[in-house]
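Here's structure_34.pdb, which has PDB, C-alpha atoms, pLDDT in the B column:
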ATOM      1  CA  MET G   1      55.682  40.422  13.118  1.00 57.00           C
ATOM      2  CA  GLN G   2      52.476  40.898  14.999  1.00 82.00           C
ATOM      3  CA  ILE G   3      50.491  44.096  15.178  1.00 90.00           C
ATOM      4  CA  ARG G   4      51.970  46.402  17.819  1.00 93.00           C
ATOM      5  CA  GLU G   5      49.577  48.923  19.309  1.00 93.00           C
ATOM      6  CA  ASP G   6      50.954  51.949  21.115  1.00 95.00           C
ATOM      7  CA  PRO G   7      54.294  50.330  22.013  1.00 94.00           C
ATOM      8  CA  GLU G   8      55.361  53.796  23.224  1.00 95.00           C
ATOM      9  CA  ASN G   9      52.656  53.523  25.949  1.00 95.00           C
ATOM     10  CA  ASN G  10      51.431  57.055  25.213  1.00 97.00           C
ATOM     11  CA  GLU G  11      47.821  56.138  25.961  1.00 97.00           C
ATOM     12  CA  THR G  12      48.635  54.452  29.282  1.00 96.00           C
ATOM     13  CA  ARG G  13      50.747  57.423  30.369  1.00 97.00           C
ATOM     14  CA  ALA G  14      47.954  59.850  29.477  1.00 98.00           C
ATOM     15  CA  LEU G  15      45.424  57.701  31.372  1.00 97.00           C
ATOM     16  CA  LEU G  16      47.539  57.323  34.505  1.00 96.00           C
ATOM     17  CA  ASN G  17      48.199  61.094  34.490  1.00 96.00           C
ATOM     18  CA  LEU G  18      44.463  61.648  34.937  1.00 97.00           C
ATOM     19  CA  VAL G  19      43.324  58.798  37.186  1.00 97.00           C
ATOM     20  CA  ASP G  20      44.417  57.121  40.398  1.00 96.00           C
ATOM     21  CA  PHE G  21      42.937  53.625  40.142  1.00 97.00           C
ATOM     22  CA  SER G  22      43.938  52.573  43.673  1.00 96.00           C
ATOM     23  CA  GLY G  23      41.088  50.557  45.179  1.00 95.00           C
ATOM     24  CA  ALA G  24      38.615  51.739  42.537  1.00 97.00           C
ATOM     25  CA  ASP G  25      35.633  49.886  41.124  1.00 98.00           C
ATOM     26  CA  VAL G  26      36.011  50.473  37.388  1.00 98.00           C
ATOM     27  CA  LEU G  27      33.695  50.019  34.422  1.00 98.00           C
ATOM     28  CA  GLU G  28      35.411  50.040  31.014  1.00 98.00           C
ATOM     29  CA  ILE G  29      33.063  50.463  28.057  1.00 97.00           C
ATOM     30  CA  GLY G  30      34.460  49.300  24.717  1.00 95.00           C
ATOM     31  CA  CYS G  31      37.287  47.234  26.169  1.00 95.00           C
ATOM     32  CA  GLY G  32      37.874  45.319  22.905  1.00 92.00           C
ATOM     33  CA  ASP G  33      40.501  42.642  23.432  1.00 91.00           C
ATOM     34  CA  GLY G  34      41.522  44.045  26.823  1.00 95.00           C
ATOM     35  CA  ARG G  35      44.581  45.834  25.468  1.00 92.00           C
ATOM     36  CA  LEU G  36      44.089  48.864  27.757  1.00 95.00           C
ATOM     37  CA  THR G  37      42.443  46.949  30.624  1.00 97.00           C
ATOM     38  CA  TYR G  38      45.580  44.956  31.382  1.00 94.00           C
ATOM     39  CA  ARG G  39      47.591  48.152  31.692  1.00 93.00           C
ATOM     40  CA  TYR G  40      45.713  49.669  34.647  1.00 95.00           C
ATOM     41  CA  ALA G  41      43.757  46.773  36.237  1.00 96.00           C
ATOM     42  CA  GLU G  42      46.466  45.813  38.694  1.00 94.00           C
ATOM     43  CA  GLU G  43      45.846  49.047  40.627  1.00 93.00           C
ATOM     44  CA  ALA G  44      42.056  48.726  40.711  1.00 97.00           C
ATOM     45  CA  ALA G  45      39.920  46.802  43.219  1.00 97.00           C
ATOM     46  CA  LYS G  46      37.629  45.437  40.525  1.00 97.00           C
ATOM     47  CA  VAL G  47      37.243  45.997  36.788  1.00 98.00           C
ATOM     48  CA  THR G  48      34.138  45.204  34.771  1.00 98.00           C
ATOM     49  CA  ALA G  49      35.114  45.457  31.114  1.00 98.00           C
ATOM     50  CA  ILE G  50      32.416  45.228  28.462  1.00 97.00           C
ATOM     51  CA  ASP G  51      32.282  45.092  24.676  1.00 95.00           C
ATOM     52  CA  PRO G  52      29.509  43.987  22.299  1.00 93.00           C
ATOM     53  CA  PHE G  53      31.888  42.092  19.971  1.00 91.00           C
ATOM     54  CA  GLU G  54      32.174  38.457  20.994  1.00 93.00           C
ATOM     55  CA  ALA G  55      35.450  37.793  19.153  1.00 91.00           C
ATOM     56  CA  SER G  56      37.108  40.633  21.076  1.00 91.00           C
ATOM     57  CA  ILE G  57      35.848  39.406  24.448  1.00 95.00           C
ATOM     58  CA  ILE G  58      37.007  35.851  23.702  1.00 96.00           C
ATOM     59  CA  ARG G  59      40.508  37.205  22.978  1.00 94.00           C
ATOM     60  CA  ALA G  60      40.381  39.381  26.098  1.00 96.00           C
ATOM     61  CA  LYS G  61      39.525  36.393  28.295  1.00 96.00           C
ATOM     62  CA  GLN G  62      42.173  34.198  26.654  1.00 95.00           C
ATOM     63  CA  ASN G  63      44.915  36.789  27.147  1.00 91.00           C
ATOM     64  CA  LEU G  64      43.964  37.826  30.686  1.00 94.00           C
ATOM     65  CA  PRO G  65      47.070  37.472  32.872  1.00 94.00           C
ATOM     66  CA  VAL G  66      46.628  35.013  35.749  1.00 94.00           C
ATOM     67  CA  LYS G  67      47.425  37.708  38.329  1.00 94.00           C
ATOM     68  CA  LEU G  68      44.401  39.755  37.168  1.00 95.00           C
ATOM     69  CA  ARG G  69      41.858  36.927  37.070  1.00 94.00           C
ATOM     70  CA  ASP G  70      40.383  37.679  40.487  1.00 94.00           C
ATOM     71  CA  ARG G  71      39.736  41.333  39.744  1.00 96.00           C
ATOM     72  CA  VAL G  72      38.845  41.631  36.037  1.00 98.00           C
ATOM     73  CA  GLU G  73      35.564  40.438  34.587  1.00 97.00           C
ATOM     74  CA  PHE G  74      35.006  40.636  30.815  1.00 98.00           C
ATOM     75  CA  GLN G  75      31.420  40.626  29.585  1.00 97.00           C
ATOM     76  CA  CYS G  76      30.149  40.460  26.023  1.00 97.00           C
ATOM     77  CA  ILE G  77      27.326  42.970  26.247  1.00 97.00           C
ATOM     78  CA  ALA G  78      26.364  46.343  24.781  1.00 96.00           C
ATOM     79  CA  PHE G  79      26.285  49.229  27.246  1.00 96.00           C
ATOM     80  CA  GLU G  80      22.593  49.890  26.557  1.00 95.00           C
ATOM     81  CA  ASP G  81      21.861  46.364  27.828  1.00 97.00           C
ATOM     82  CA  PHE G  82      24.370  46.474  30.668  1.00 97.00           C
ATOM     83  CA  ALA G  83      23.277  49.778  32.227  1.00 97.00           C
ATOM     84  CA  PRO G  84      19.654  48.922  33.137  1.00 96.00           C
ATOM     85  CA  GLN G  85      20.803  45.737  34.912  1.00 96.00           C
ATOM     86  CA  ASN G  86      22.838  47.732  37.404  1.00 96.00           C
ATOM     87  CA  ARG G  87      22.024  49.798  40.483  1.00 96.00           C
ATOM     88  CA  PRO G  88      22.948  53.500  40.582  1.00 96.00           C
ATOM     89  CA  ALA G  89      26.213  54.833  42.044  1.00 96.00           C
ATOM     90  CA  ILE G  90      28.283  51.644  41.953  1.00 97.00           C
ATOM     91  CA  PHE G  91      31.407  52.683  40.022  1.00 98.00           C
ATOM     92  CA  ASP G  92      34.249  54.983  41.039  1.00 98.00           C
ATOM     93  CA  THR G  93      35.532  55.288  37.493  1.00 98.00           C
ATOM     94  CA  VAL G  94      33.944  54.725  34.103  1.00 98.00           C
ATOM     95  CA  ILE G  95      36.217  54.603  31.052  1.00 98.00           C
ATOM     96  CA  LEU G  96      34.750  55.207  27.625  1.00 96.00           C
ATOM     97  CA  SER G  97      37.514  53.541  25.653  1.00 92.00           C
ATOM     98  CA  TRP G  98      37.425  54.746  22.040  1.00 87.00           C
ATOM     99  CA  ALA G  99      33.700  53.917  22.179  1.00 82.00           C
ATOM    100  CA  LEU G 100      31.768  56.310  19.987  1.00 67.00           C
TER     101      LEU G 100
ATOM    102  CA  MET B   1      25.034  58.905  22.941  1.00 86.00           C
ATOM    103  CA  VAL B   2      23.260  61.422  25.211  1.00 91.00           C
ATOM    104  CA  HIS B   3      21.247  58.617  26.823  1.00 93.00           C
ATOM    105  CA  ALA B   4      24.396  56.516  27.293  1.00 94.00           C
ATOM    106  CA  LEU B   5      26.074  59.441  29.075  1.00 95.00           C
ATOM    107  CA  GLU B   6      23.007  59.880  31.299  1.00 96.00           C
ATOM    108  CA  GLU B   7      23.275  56.207  32.223  1.00 97.00           C
ATOM    109  CA  ILE B   8      26.992  56.589  32.958  1.00 97.00           C
ATOM    110  CA  TRP B   9      26.132  59.526  35.234  1.00 96.00           C
ATOM    111  CA  ARG B  10      23.616  57.260  37.047  1.00 97.00           C
ATOM    112  CA  LEU B  11      26.132  54.434  37.496  1.00 98.00           C
ATOM    113  CA  LEU B  12      28.892  56.706  38.810  1.00 98.00           C
ATOM    114  CA  LYS B  13      29.309  57.379  42.507  1.00 97.00           C
ATOM    115  CA  PRO B  14      28.875  61.118  43.305  1.00 95.00           C
ATOM    116  CA  GLN B  15      32.646  61.513  43.702  1.00 95.00           C
ATOM    117  CA  GLY B  16      33.323  59.284  40.692  1.00 97.00           C
ATOM    118  CA  LEU B  17      35.104  60.005  37.448  1.00 97.00           C
ATOM    119  CA  LEU B  18      34.358  59.515  33.771  1.00 97.00           C
ATOM    120  CA  ILE B  19      37.355  59.110  31.491  1.00 97.00           C
ATOM    121  CA  ASP B  20      36.508  59.618  27.843  1.00 96.00           C
ATOM    122  CA  ILE B  21      39.095  58.480  25.299  1.00 96.00           C
ATOM    123  CA  HIS B  22      38.325  58.998  21.646  1.00 94.00           C
ATOM    124  CA  PRO B  23      40.166  59.681  18.396  1.00 93.00           C
ATOM    125  CA  VAL B  24      40.698  63.239  17.240  1.00 92.00           C
ATOM    126  CA  ALA B  25      38.646  63.686  14.087  1.00 88.00           C
ATOM    127  CA  GLU B  26      40.448  64.593  10.871  1.00 83.00           C
ATOM    128  CA  PHE B  27      43.777  63.280  12.138  1.00 88.00           C
ATOM    129  CA  SER B  28      44.538  59.853  10.670  1.00 91.00           C
ATOM    130  CA  LEU B  29      47.792  59.165   8.880  1.00 94.00           C
ATOM    131  CA  ILE B  30      49.475  56.162   7.390  1.00 95.00           C
ATOM    132  CA  LYS B  31      53.235  56.287   7.827  1.00 96.00           C
ATOM    133  CA  ILE B  32      56.137  54.149   6.760  1.00 96.00           C
ATOM    134  CA  PHE B  33      59.048  53.912   9.157  1.00 95.00           C
ATOM    135  CA  GLN B  34      62.505  52.522   8.579  1.00 93.00           C
ATOM    136  CA  ARG B  35      65.127  52.384  11.315  1.00 90.00           C
ATOM    137  CA  GLY B  36      63.148  54.884  13.394  1.00 88.00           C
ATOM    138  CA  LYS B  37      62.824  57.438  10.593  1.00 94.00           C
ATOM    139  CA  VAL B  38      59.606  58.422   8.815  1.00 96.00           C
ATOM    140  CA  LEU B  39      59.985  57.657   5.091  1.00 94.00           C
ATOM    141  CA  PHE B  40      56.482  58.450   3.952  1.00 95.00           C
ATOM    142  CA  THR B  41      53.234  59.964   5.287  1.00 95.00           C
ATOM    143  CA  ILE B  42      49.791  60.110   3.744  1.00 95.00           C
ATOM    144  CA  PRO B  43      46.436  61.184   5.261  1.00 93.00           C
ATOM    145  CA  LYS B  44      43.846  58.399   5.600  1.00 89.00           C
ATOM    146  CA  PRO B  45      40.255  59.717   5.724  1.00 84.00           C
ATOM    147  CA  GLU B  46      37.960  57.759   8.056  1.00 83.00           C
ATOM    148  CA  THR B  47      34.173  57.443   7.935  1.00 79.00           C
ATOM    149  CA  TYR B  48      33.794  57.530  11.753  1.00 80.00           C
ATOM    150  CA  TRP B  49      34.805  61.188  12.040  1.00 84.00           C
ATOM    151  CA  GLU B  50      31.135  62.216  12.056  1.00 86.00           C
ATOM    152  CA  ASP B  51      30.612  59.895  15.068  1.00 87.00           C
ATOM    153  CA  VAL B  52      33.454  61.693  16.849  1.00 90.00           C
ATOM    154  CA  PHE B  53      31.789  65.078  16.318  1.00 90.00           C
ATOM    155  CA  GLN B  54      28.461  63.670  17.581  1.00 91.00           C
ATOM    156  CA  ALA B  55      30.097  62.178  20.680  1.00 91.00           C
ATOM    157  CA  GLU B  56      31.808  65.486  21.488  1.00 92.00           C
ATOM    158  CA  GLY B  57      28.474  67.262  20.969  1.00 93.00           C
ATOM    159  CA  ALA B  58      26.739  64.866  23.370  1.00 94.00           C
ATOM    160  CA  ILE B  59      29.278  65.525  26.118  1.00 94.00           C
ATOM    161  CA  ALA B  60      28.978  69.286  25.559  1.00 94.00           C
ATOM    162  CA  GLN B  61      25.193  68.945  25.872  1.00 95.00           C
ATOM    163  CA  LEU B  62      25.426  67.193  29.253  1.00 94.00           C
ATOM    164  CA  VAL B  63      27.951  69.718  30.500  1.00 95.00           C
ATOM    165  CA  GLU B  64      25.543  72.485  29.528  1.00 95.00           C
ATOM    166  CA  ARG B  65      22.740  70.689  31.397  1.00 95.00           C
ATOM    167  CA  GLY B  66      24.913  70.615  34.520  1.00 95.00           C
ATOM    168  CA  LEU B  67      25.333  66.829  34.771  1.00 95.00           C
ATOM    169  CA  PHE B  68      29.062  66.759  34.075  1.00 96.00           C
ATOM    170  CA  LEU B  69      32.053  69.034  34.444  1.00 96.00           C
ATOM    171  CA  VAL B  70      35.109  68.618  32.191  1.00 97.00           C
ATOM    172  CA  GLU B  71      38.146  69.001  34.456  1.00 96.00           C
ATOM    173  CA  ARG B  72      41.012  68.352  32.066  1.00 97.00           C
ATOM    174  CA  VAL B  73      41.639  67.375  28.453  1.00 97.00           C
ATOM    175  CA  ASP B  74      44.905  66.019  27.066  1.00 97.00           C
ATOM    176  CA  GLU B  75      45.976  64.594  23.728  1.00 97.00           C
ATOM    177  CA  PHE B  76      48.429  61.846  22.846  1.00 97.00           C
ATOM    178  CA  ASP B  77      49.800  60.094  19.752  1.00 97.00           C
ATOM    179  CA  TYR B  78      48.591  56.560  19.169  1.00 96.00           C
ATOM    180  CA  LEU B  79      50.465  54.428  16.648  1.00 96.00           C
ATOM    181  CA  THR B  80      49.674  50.920  15.447  1.00 95.00           C
ATOM    182  CA  TYR B  81      52.577  49.208  13.648  1.00 95.00           C
ATOM    183  CA  ALA B  82      52.367  46.323  11.163  1.00 93.00           C
ATOM    184  CA  SER B  83      54.850  44.576   8.904  1.00 89.00           C
ATOM    185  CA  SER B  84      52.545  44.602   5.896  1.00 92.00           C
ATOM    186  CA  VAL B  85      49.736  46.685   4.466  1.00 93.00           C
ATOM    187  CA  GLY B  86      47.436  43.637   4.479  1.00 93.00           C
ATOM    188  CA  GLU B  87      48.069  43.093   8.183  1.00 93.00           C
ATOM    189  CA  LEU B  88      47.331  46.737   8.962  1.00 93.00           C
ATOM    190  CA  ARG B  89      44.151  46.747   6.855  1.00 91.00           C
ATOM    191  CA  ALA B  90      42.831  43.599   8.523  1.00 90.00           C
ATOM    192  CA  HIS B  91      43.478  45.124  11.929  1.00 88.00           C
ATOM    193  CA  ARG B  92      41.769  48.401  11.017  1.00 86.00           C
ATOM    194  CA  GLU B  93      38.713  46.496   9.753  1.00 84.00           C
ATOM    195  CA  LEU B  94      38.480  44.695  13.086  1.00 80.00           C
ATOM    196  CA  ILE B  95      38.859  47.934  15.053  1.00 79.00           C
ATOM    197  CA  ASN B  96      36.260  49.709  12.909  1.00 77.00           C
ATOM    198  CA  ALA B  97      33.704  46.884  13.101  1.00 72.00           C
ATOM    199  CA  PHE B  98      31.351  49.293  14.942  1.00 67.00           C
ATOM    200  CA  ASP B  99      31.339  51.689  11.983  1.00 69.00           C
ATOM    201  CA  ASN B 100      28.342  50.968   9.764  1.00 71.00           C
ATOM    202  CA  THR B 101      28.748  54.038   7.576  1.00 73.00           C
ATOM    203  CA  PRO B 102      28.276  52.888   3.987  1.00 75.00           C
ATOM    204  CA  LYS B 103      31.202  53.574   1.647  1.00 76.00           C
ATOM    205  CA  ASP B 104      30.379  54.547  -1.911  1.00 82.00           C
ATOM    206  CA  GLU B 105      32.318  53.425  -4.990  1.00 87.00           C
ATOM    207  CA  ALA B 106      34.451  56.578  -5.063  1.00 85.00           C
ATOM    208  CA  MET B 107      35.495  56.143  -1.418  1.00 83.00           C
ATOM    209  CA  LEU B 108      36.318  52.480  -1.898  1.00 86.00           C
ATOM    210  CA  SER B 109      38.324  53.245  -5.003  1.00 90.00           C
ATOM    211  CA  GLN B 110      40.260  56.054  -3.234  1.00 89.00           C
ATOM    212  CA  GLU B 111      41.009  53.695  -0.358  1.00 89.00           C
ATOM    213  CA  GLU B 112      42.318  51.021  -2.725  1.00 92.00           C
ATOM    214  CA  GLU B 113      44.528  53.587  -4.470  1.00 93.00           C
ATOM    215  CA  LEU B 114      45.868  54.832  -1.164  1.00 93.00           C
ATOM    216  CA  TYR B 115      46.743  51.351   0.051  1.00 93.00           C
ATOM    217  CA  SER B 116      48.365  50.504  -3.312  1.00 94.00           C
ATOM    218  CA  GLN B 117      50.530  53.609  -3.017  1.00 94.00           C
ATOM    219  CA  VAL B 118      51.553  52.670   0.542  1.00 94.00           C
ATOM    220  CA  GLU B 119      52.259  49.096  -0.560  1.00 94.00           C
ATOM    221  CA  ALA B 120      54.526  50.334  -3.355  1.00 95.00           C
ATOM    222  CA  VAL B 121      56.513  52.610  -1.044  1.00 94.00           C
ATOM    223  CA  LEU B 122      56.820  49.861   1.569  1.00 93.00           C
ATOM    224  CA  HIS B 123      58.049  47.386  -1.066  1.00 93.00           C
ATOM    225  CA  GLU B 124      60.581  49.890  -2.431  1.00 94.00           C
ATOM    226  CA  ALA B 125      61.874  50.679   1.064  1.00 92.00           C
ATOM    227  CA  GLY B 126      62.843  47.046   1.532  1.00 90.00           C
ATOM    228  CA  GLU B 127      64.111  45.360   4.661  1.00 89.00           C
ATOM    229  CA  GLY B 128      63.309  46.828   8.056  1.00 89.00           C
ATOM    230  CA  ALA B 129      60.479  49.026   6.831  1.00 93.00           C
ATOM    231  CA  GLU B 130      57.163  48.916   8.631  1.00 94.00           C
ATOM    232  CA  VAL B 131      53.840  50.567   8.130  1.00 95.00           C
ATOM    233  CA  ALA B 132      51.902  52.340  10.884  1.00 96.00           C
ATOM    234  CA  PHE B 133      48.524  53.926  11.421  1.00 95.00           C
ATOM    235  CA  HIS B 134      48.958  57.175  13.343  1.00 96.00           C
ATOM    236  CA  GLU B 135      46.003  58.628  15.236  1.00 95.00           C
ATOM    237  CA  ARG B 136      45.697  61.324  17.873  1.00 96.00           C
ATOM    238  CA  GLY B 137      43.797  60.341  20.990  1.00 96.00           C
ATOM    239  CA  ARG B 138      41.922  62.844  23.138  1.00 96.00           C
ATOM    240  CA  ILE B 139      41.449  61.953  26.795  1.00 97.00           C
ATOM    241  CA  ALA B 140      39.180  63.891  29.134  1.00 97.00           C
ATOM    242  CA  ARG B 141      38.662  63.705  32.882  1.00 97.00           C
ATOM    243  CA  ILE B 142      34.998  64.441  33.548  1.00 97.00           C
ATOM    244  CA  LYS B 143      33.291  64.687  36.967  1.00 97.00           C
ATOM    245  CA  PRO B 144      29.608  64.267  37.726  1.00 95.00           C
ATOM    246  CA  ALA B 145      28.593  67.823  38.585  1.00 90.00           C
ATOM    247  CA  SER B 146      25.710  67.088  40.932  1.00 66.00           C
TER     248      SER B 146
END
As a first step, turn the structure in this file into structure tokens.
Amino acid sequence: MQIREDPENNETRALLNLVDFSGADVLEIGCGDGRLTYRYAEEAAKVTAIDPFEASIIRAKQNLPVKLRDRVEFQCIAFEDFAPQNRPAIFDTVILSWAL
Amino acid sequence: MVHALEEIWRLLKPQGLLIDIHPVAEFSLIKIFQRGKVLFTIPKPETYWEDVFQAEGAIAQLVERGLFLVERVDEFDYLTYASSVGELRAHRELINAFDNTPKDEAMLSQEEELYSQVEAVLHEAGEGAEVAFHERGRIARIKPAS
């Protein structure tokens, strides 16, 4: 058996109760292996998903469904390095995903 | 964390939305399930709880400064299932790679004891039993306030 994370989809339900991702430009901080990203990205216009751990980003890229490849970009970068490279007011939604 | 939230505020459009998902501190359990029933539950202390309190404090600070407004907070159960204790431990180590809090001898020894106890119960339960890590997640919808 493989690890099964939130097979009940409680997290996805809670997220979709709070956000309408339709047409949104999304930044996900702490995306890990993309586990949550895949669950909402189909609704979004574009998702930039970042995580400082290279092994996680490699897995995220490997597992990215073909249908999401044109709208999801995974980057191996810490938020403190990512933020200064970007202009203000560019994202509709920012998700801090279990990132403390 | 405060600076990171200030940067998030800068990157968000004025009508944008910050969604903060983080674990609820002091709620971490290891459970053993068999055929949908809970056979065993034991609390599992985590060293990142202090980080959770600091993160919540940082958000409260920015709300007080008028940068953000918390619109809604919900909680949900988050379970990670594994077929063996070793599999679950390896997964938790990967998930907690960010946590650099040093563990002293007493903590390490308590952790080993706890996992041995879980392993014994899982072994005794036999076929169809699985082990799970049960956390509570807190999710907040936060708007830039100005």
Chain B contacts to chain G at 7 Å (only C-alpha atoms) as a ChimeraX atom specification:
/B:4,7,10-14,16-23,51-52,55,76-83,141
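Comparing B:Arg72, B:His134, B:Arg35, B:Arg89 by their smallest distance to B:Glu111, the closest is B:Arg89 (using all atoms listed in the file).
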Check which residues satisfy the PyMOL selection byres ((chain G and resi 42) around 10) in the file shown, then give them as a PyMOL selection string.
chain G and resi 21-23+37-41+43-47+67-68+71-72
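The spacing separating atom CA of B:Glu64 from atom CA of B:Lys143 amounts to 13.3 Å.
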Using atom CA of B:Ala58 and atom CA of B:Val2 as the two end points, give the distance in Å to one decimal.
5.2 Å
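You can rank G:Leu16, G:Thr48, G:Ile57, G:Gly34 by their closest distance to G:Asp70 using only C-alpha atoms, and at the top of that list sits G:Thr48.
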With a distance cut-off of 7 Å and all atoms listed in the file, select the neighbouring residues of G:Gln75, excluding the residue or stretch itself and same-chain residues fewer than 6 positions from it, and output the selection as a ChimeraX atom specification.
/G:49-51,57
Identify, on the basis of all atoms listed in the file, every residue whose closest approach to B:Pro43 does not exceed 7 Å; exclude the query and any residue fewer than 5 positions from it along the same chain; express the result as a PyMOL selection string.
chain B and resi 28-30
Under the PyMOL selection byres ((chain B and resi 33) around 9), which residues of this model are included? Write them out as JSON, numbers by chain.
{"B": [31, 32, 34, 35, 36, 37, 38, 39, 40, 122, 128, 129, 130, 131, 132]}
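Proximity of B:Ile8, B:Val73, B:Arg138, B:Ser84 to B:Gly126, computed with only C-alpha atoms, is greatest for B:Ser84.
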